[in-house]
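*Asks:* To start, I am sharing the structure in question, which I have written as structure tokens.
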Amino acid sequence: MKRRNFIKNAAAGVMLPSLFGRYNVEAVGMTPWLSALTNAATETDHVLVIIRLNGGNDALQMVIPLDQYSNLTTARSNIIINENSVLRLNGLTGTGLHPAMTGMQSLYNEGKLKIIQGVGYPNQNFSHFRSTDIYMSASNATENITTGWMGRYLANEYANYPTGYPNNQMPDPLAIQLNEMTLTFQGPAQTMGVTVSDPNSPYNFLDDNGNTLTGRMGKELTYLRNIAKQADKYGEVIQIAYNKAANMVTYPNTSLANQLKIVARLIKGGLKTRVYMVQIGGFDTHSNQTDQTDHSIGAYANLMTQLSQGITAFQRDCEAMRIQDRVLGMTFSEFGRRIKSNGSIGTDHGASYASFVFGTRLYGGMLGVNPTISANVGAGDTVAMQYDFRSIYASILADWFCVNPTDLNTIMLRNYQKLPIVNSPSCITDTHDLNVAAGLRLISSYPNPFSFATTIEFETKGGHTMVQIFDVEGQLIATPVDGQYTEGKYKVYFNGGHLPAGTYYARLQNEAISQVRTLMKVQ
Amino acid sequence: MGTTIVQEKAHRPRVVAGLTPYTGTFGKEQITHLLKRTMFGAKKADIDFFMGKTLSETINTLLTEPPALTDAQLPLNNYNRRDTTTPANQKIDPSVPAGQTWVYAVDDGNFSGERRNSLKSWWVGQMINQPRSVFEKMVLFWHNHFATEVLDTTPSHFWNHMELIRKYALGNFKAFTKDMTLDMNMLRYLNGYLNKKSAPDENYARELQELFTLGKGPNSQYTENDVKAAAKVLTGWTYPASIAVVINGTTYRTTQTLVGTNPDKYAYRRVFTATNHDTTSKQFSTFYNSTIITNTANTEAGALKEIDDLLNMIFAKDEVAMYICRRIYRFFVYYEIDQTIENEVITPLATIFRQSNYDIKPVLKTLFSSEHFFETGLKACLIKSPVENVIGFVREFDIAIPTNVLTPRTSGTITYDEIPSYNAYISIVNNLATQAQNIGDPPNVSGWPAYYQEPLFHENWINTDTFPKRLRYSDQMMTTTGVTLGGGNRLIVDNIKFTDQFGADASNPNLLIERTLEILYRVPPTQAMLAYLKTNILLDGQASDHYWTDAWDAFKANPILANYNIVNTRLQKFYTFIVRNPEYQLA
């Protein structure tokens, strides 16, 4: 089915009534909502834009603790930024921004930028790769979780994906990663997102040639064909959305800004995609992070310029497009850097760091306090943790995506402290049930959560059928079903009484079809 | 664990053939299957070469190791950049002349990016120009098995590691594991060089068991304490003290060791430092029969003896051979291993592996000669890895690679001391990376997920991102411009050359389709696809076969541009259609 048909069907049938029922009085008065009604591209729901600062951000150089300035100078005299050139922030006397961040200074002063101090996790791992995996999977330092936090959220929200997708309820990609796919969007069985490099040139796969083969070759051929169909459909809807909207401000010509520019157009163009991720590299500043004499210029200052100009242009574009109340942005990196600079005018791998959330729907200001810099900083000293990064994730999922507390624990694997970040007047919840039901439901379980045994119900189209239970580390726990079945619905009792409490996945595989259901084991 | 199936569970038809030697027909179909699995793609010339030979002769050839590389066949300096008007633009490697190998040069860190590209380009060249042997595929297998990342170490480290992989690709796995344990690239990658008595680093000790020998299967029951004890055994191996090397009057310091002279050759070699070695007795768990490894002398010989004791202890576990045979099976056959395959294929292969004292050749020979390997249900079901896909495409279409002779190219004021073949190879390297298989830089020490990640395994290669990227690259090589490489060179399919290799069959549209699909597809095409290829493409909508025959014969008799264009445009559509169908992704 072509995109145009999707829109027509959706507008006539499913989407409009639920839209009317969903917004409260205040929201209906909002211009984006009204413009949405008159626009073929109906704008629904909240969007999160994740900006990855790849390499480990030296946030002490970005959010500068002016009240610690003297000790900070002692610790990093070869890179310290002149106190007078630090950008001051309304209402904050002891904290300022890197001189290159004038755009973000304005955003802060307008209440559209939130600074969160001391973001990290216990037992910091100093490897880029490992710590990136920890941030993307939202695992503990000692766990190896093979799914991403967003992948788990989307698998919970769009439980039947990818079977029966795209569909009227969700015609668009669930998540879009600019350029290379990352662990963030990895669901229990497959990636929940698609990547986009050039939205204007989707690949045109050949039509289904109808080759029906059986056995292993048939299974793999069907898999390939399904991926081709999905890529084809999503490529088309992305291109249409991209061409439906135009950027309304000028962006700088940087890699980050070019990515954000695409994101703004896709949101405005009407994609119902919930999450976007973009990246900016170069933060692994072991050496020459500033100019030798003028510490406010150099490699790190260039990064701050790109970051601030990119985010500011994106925010202004969203405002001009009148989609600003639907969009929230956040930054993350795999770690901060050491307090003490090294001999190469750089900084080595550290721990916690100051992070940003931006948008109109947030509580502005700063969360937490400046890190304390001692008078005698050791070479290995790192910034202390104040907030677990997973508290930010959990707060955004709860307050921006309206995830209920039970689901939240399943997605985040644990219970995390909620932080006052999102200030959204209405939590939109009534699409959740529709999302969960969208597509074809082939496997379910009850009770869920379960404490001892649960009944898994599955539907097979006939042929080889298998149900496997995995833990969150991707280890196979059990294979309650593995055999040849005739078409129909079946039940199997799964006794998980001996398993530790936590999240598990029940995966149905029926020839080329697979679907995953999340199981929650409670004590 | 109690699970009850409510309805009666029927049994799935299983692949039953085991390792009994295959005695059925060994003709074109079987050769193509064998070559697609053991080499990168099946070229017509290679299929023809093996036609008429027995399975046993064919496998003996495929298990042959290539001759040692000469210096001129090693990764070369293709990266010098000269500019006499603006010397600031120049970048000239002081220790390696253009066109000569850098692999034994001083690792001064100034050319890491250039040398990394040279190394990866060279590697692609080895694969494209592979001899008729499983050797290059085994190099990739071991690279994935003992996974390290050149971006994390340096090209010089990685070269010494690569020498080891090539030495043992078809050799003895146990000796390989010992040398790998002391390989400086591995010591660096998994922090073994920092593993000392005062501060043990368990990284390698863990991966040695979890990834390299025993795996994580249910019969691999080593404990955390075994990891700690193994780490103690492995303490004390590190870099030697740096030495000073003077090149053109500039002094460089390197932790490489001089391994040859005239010209001076340097390589990364570990040293043993007795002060950092833990001489206490290492107690292992009951999984290892409570083995205690003791130090007899705090010398290099004493520490090597401990490593031998450690590996003897690990390799005494049956699970080592089982784990490696499962990995071999997944790499060459298919990823699903059910209980029947475990019993009928993996277990006996593992026995052969142990009986040969861990020589890999008898395992490969038995597998490739078996009824199981030629089972119909196990053919055409392997989703090609990006390397198999791209290298296989280049080889099957016999795409011309530009010269490997140093050819300086001037652009503006800069002269690039290029080797044109490397430009072709780096284009392939970069495309492999976008398709999620960056050779030399796997995602982490576990290698690529497609080789181990349950339940998808090989399906991990294909997603909505990578699938279009695969097709775009092959599409581009089938356009009239091809992939442009600079210096007027390009990677492009020669439709005429590919077609012409079928001789007289090329002028008969039915035979041309048959001959082509015999090479390119492992799955049977549908009647509709055959009809489309013939009627819509070769005959341009006409009904009679002679339209194609006339066009081809006219071109052969009189290869003027007009005649060339008539057949070439049709052939371009013809091959593009074949490659763009998902059937081409299966081997």
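Residues in the structure tokens are named by chain (A, B, ... in the order shown) and by number from 1 within that chain; ligands are numbered from 1 in the order shown.
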Would you kindly return, as a list in words, each protein, DNA or RNA residue with an atom no farther than 10 Å from any atom of Phe331 (chain B), considering only C-alpha atoms and excluding same-chain residues fewer than 3 positions away?
*Replies:*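 Counting only C-alpha atoms, the residues come to Arg37, Thr38, Lys137, Met138, Phe141, Cys325, Arg326, Arg327, Ile328, Tyr334, Tyr335, Leu382, Ser385, Ala450, Tyr451, Tyr452 and His458 of chain B.
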*Asks:* Among the residues of region 199-232 of chain B, find those DSSP assigns to alpha helix (DSSP H) from the backbone and print them as a list of chain:residue names.
*Replies:* B:Asn203, B:Tyr204, B:Ala205, B:Arg206, B:Glu207, B:Glu224, B:Asn225, B:Asp226, B:Val227, B:Lys228, B:Ala229, B:Ala230, B:Ala231, B:Lys232
*Asks:* Extract, using only C-alpha atoms, all DNA, RNA and protein residues at most 8 Å from Pro162 (chain A), discarding same-chain residues fewer than 3 positions from it, and format them as a ChimeraX atom specification.
*Replies:* /A:165-166,439,515
*Asks:* Could you tell me which of A:Ser77, A:Asn342, A:Gln468, A:Ser451 comes closest to chain B if we count only C-alpha atoms?
*Replies:* A:Gln468
*Asks:* Find the spatial neighbours of region 304-320 of chain B, counting only C-alpha atoms, within a cut-off of 9 Å - ignore same-chain residues fewer than 2 positions away - and output them as a PyMOL selection string.
*Replies:* chain B and resi 174+177-178+181+209+212-215+217+219-220+230+233-234+287-289+291+293-296+299-302+322-325+350-351+354+358
*Asks:* Using only C-alpha atoms and a cut-off of 8 Å, which residues of chain A sit close to chain B? Please list them as a ChimeraX atom specification.
*Replies:* /A:129,180-181,189,194-196,203,205-206,209-211,215-218,220-221,223-225,227-228,230-231,464,474,480-481,483-485,490-496,498
*Asks:* Using only C-alpha atoms, which residues sit within 10 Å of Asp545 (chain B) once same-chain residues fewer than 4 positions away are excluded, as a CSV table (one decimal) with C-alpha atoms, in the first residue's frame?
*Replies:*
chain,number,residue,atom,x,y,z
B,507,SER,CA,23.4,-16.6,-28.2
B,508,ASN,CA,20.5,-18.8,-27.0
B,509,PRO,CA,18.5,-16.9,-24.5
B,510,ASN,CA,17.3,-20.1,-22.7
B,534,LYS,CA,13.8,-13.9,-21.3
B,535,THR,CA,10.8,-12.1,-22.7
B,538,LEU,CA,16.5,-10.3,-23.5
B,539,LEU,CA,13.7,-10.3,-26.1
B,549,THR,CA,20.2,-14.7,-31.0
B,550,ASP,CA,20.4,-12.3,-33.9
*Asks:* What is the CA of Tyr135 (chain A)-CA of Leu413 (chain A) distance in Å, reported with one decimal?
*Replies:*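 Between CA of Tyr135 (chain A) and CA of Leu413 (chain A) the gap works out to 13.6 Å.
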*Asks:* Please provide as a VMD selection string all residues within 6 Å of region 433-436 of chain A, with the sequence filter that same-chain residues fewer than 4 positions apart are discarded (counting only C-alpha atoms).
*Replies:* chain A and resid 157 to 159
*Asks:* Can you pull out every residue within 9 Å of Phe176 (chain B), counting only C-alpha atoms, but drop anything in the same chain fewer than 6 positions away, and send it as a list in words?
*Replies:* Leu164, Ile165, Lys167, Tyr168 and Ala169 of chain B
*Asks:* Mind dumping the selected residues with all heavy atoms as a compact mmCIF listing (two decimals), in the first residue's frame?
*Replies:*
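What follows is the written file out33.txt:
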# COMPACT_ATOMS: atom_id res chain seq x y z
N LEU B 164 50.23 -14.27 12.28
CA LEU B 164 49.90 -15.45 13.10
C LEU B 164 48.64 -16.14 12.56
O LEU B 164 48.60 -17.37 12.45
CB LEU B 164 49.65 -14.95 14.53
CG LEU B 164 49.92 -15.88 15.68
CD1 LEU B 164 51.32 -16.45 15.60
CD2 LEU B 164 49.74 -15.10 16.99
N ILE B 165 47.62 -15.35 12.24
CA ILE B 165 46.38 -15.93 11.71
C ILE B 165 46.67 -16.69 10.42
O ILE B 165 46.19 -17.80 10.21
CB ILE B 165 45.32 -14.83 11.47
CG1 ILE B 165 44.85 -14.26 12.81
CG2 ILE B 165 44.14 -15.37 10.66
CD1 ILE B 165 43.81 -13.16 12.67
N LYS B 167 49.53 -17.94 9.51
CA LYS B 167 50.37 -19.10 9.79
C LYS B 167 49.52 -20.31 10.19
O LYS B 167 49.79 -21.44 9.81
CB LYS B 167 51.36 -18.75 10.91
CG LYS B 167 52.24 -19.91 11.35
CD LYS B 167 53.20 -19.48 12.46
CE LYS B 167 53.96 -20.68 13.00
NZ LYS B 167 54.73 -20.33 14.21
N TYR B 168 48.48 -20.04 10.98
CA TYR B 168 47.70 -21.15 11.55
C TYR B 168 46.32 -21.32 10.93
O TYR B 168 45.53 -22.12 11.43
CB TYR B 168 47.52 -20.92 13.05
CG TYR B 168 48.77 -21.16 13.87
CD1 TYR B 168 49.46 -20.11 14.45
CD2 TYR B 168 49.23 -22.46 14.08
CE1 TYR B 168 50.60 -20.32 15.21
CE2 TYR B 168 50.36 -22.69 14.86
CZ TYR B 168 51.04 -21.62 15.42
OH TYR B 168 52.15 -21.85 16.18
N ALA B 169 46.01 -20.58 9.87
CA ALA B 169 44.63 -20.62 9.34
C ALA B 169 44.17 -22.04 9.07
O ALA B 169 43.02 -22.40 9.33
CB ALA B 169 44.54 -19.78 8.07
*Asks:* Rounded to one decimal place, report the CA of Leu19 (chain B)-CA of Ile346 (chain B) distance in Å.
*Replies:*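 Interatomic distance, CA of Leu19 (chain B) to CA of Ile346 (chain B): 9.3 Å.
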*Asks:* Could you write out, as a VMD selection string, all the residues of region 95-259 of chain B that DSSP marks as strand (DSSP E)?
*Replies:* chain B and resid 237 to 238 243 to 247 250 to 254 257 to 259
*Asks:* For the selection you just gave me, I'd like the residues written to a file as a PDB file, in the first residue's frame, keeping C-alpha atoms.
*Replies:*
ATOM      1  CA  TRP B 237      54.097 -10.656  29.633  1.00  0.00           C
ATOM      2  CA  THR B 238      54.464  -7.176  28.263  1.00  0.00           C
ATOM      3  CA  ILE B 243      64.538   1.358  21.620  1.00  0.00           C
ATOM      4  CA  ALA B 244      65.734   4.392  19.704  1.00  0.00           C
ATOM      5  CA  VAL B 245      65.725   4.266  15.908  1.00  0.00           C
ATOM      6  CA  VAL B 246      67.188   7.061  13.820  1.00  0.00           C
ATOM      7  CA  ILE B 247      65.515   7.707  10.468  1.00  0.00           C
ATOM      8  CA  THR B 250      65.226  12.027  13.415  1.00  0.00           C
ATOM      9  CA  THR B 251      65.141   9.756  16.437  1.00  0.00           C
ATOM     10  CA  TYR B 252      62.001   7.670  17.015  1.00  0.00           C
ATOM     11  CA  ARG B 253      61.318   5.452  19.981  1.00  0.00           C
ATOM     12  CA  THR B 254      59.517   2.172  19.528  1.00  0.00           C
ATOM     13  CA  THR B 257      61.967  -5.460  18.371  1.00  0.00           C
ATOM     14  CA  LEU B 258      64.521  -5.627  15.578  1.00  0.00           C
ATOM     15  CA  VAL B 259      63.777  -8.935  13.824  1.00  0.00           C
TER      16      VAL B 259
END
*Asks:* Pick out the closest residue to Gln259 (chain A) from this set: A:Glu83, A:Asp198, A:Asp67, A:Asp325. Count only C-alpha atoms.
*Replies:*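 Residue with the minimum atom-to-atom distance to Gln259 (chain A): A:Asp198.
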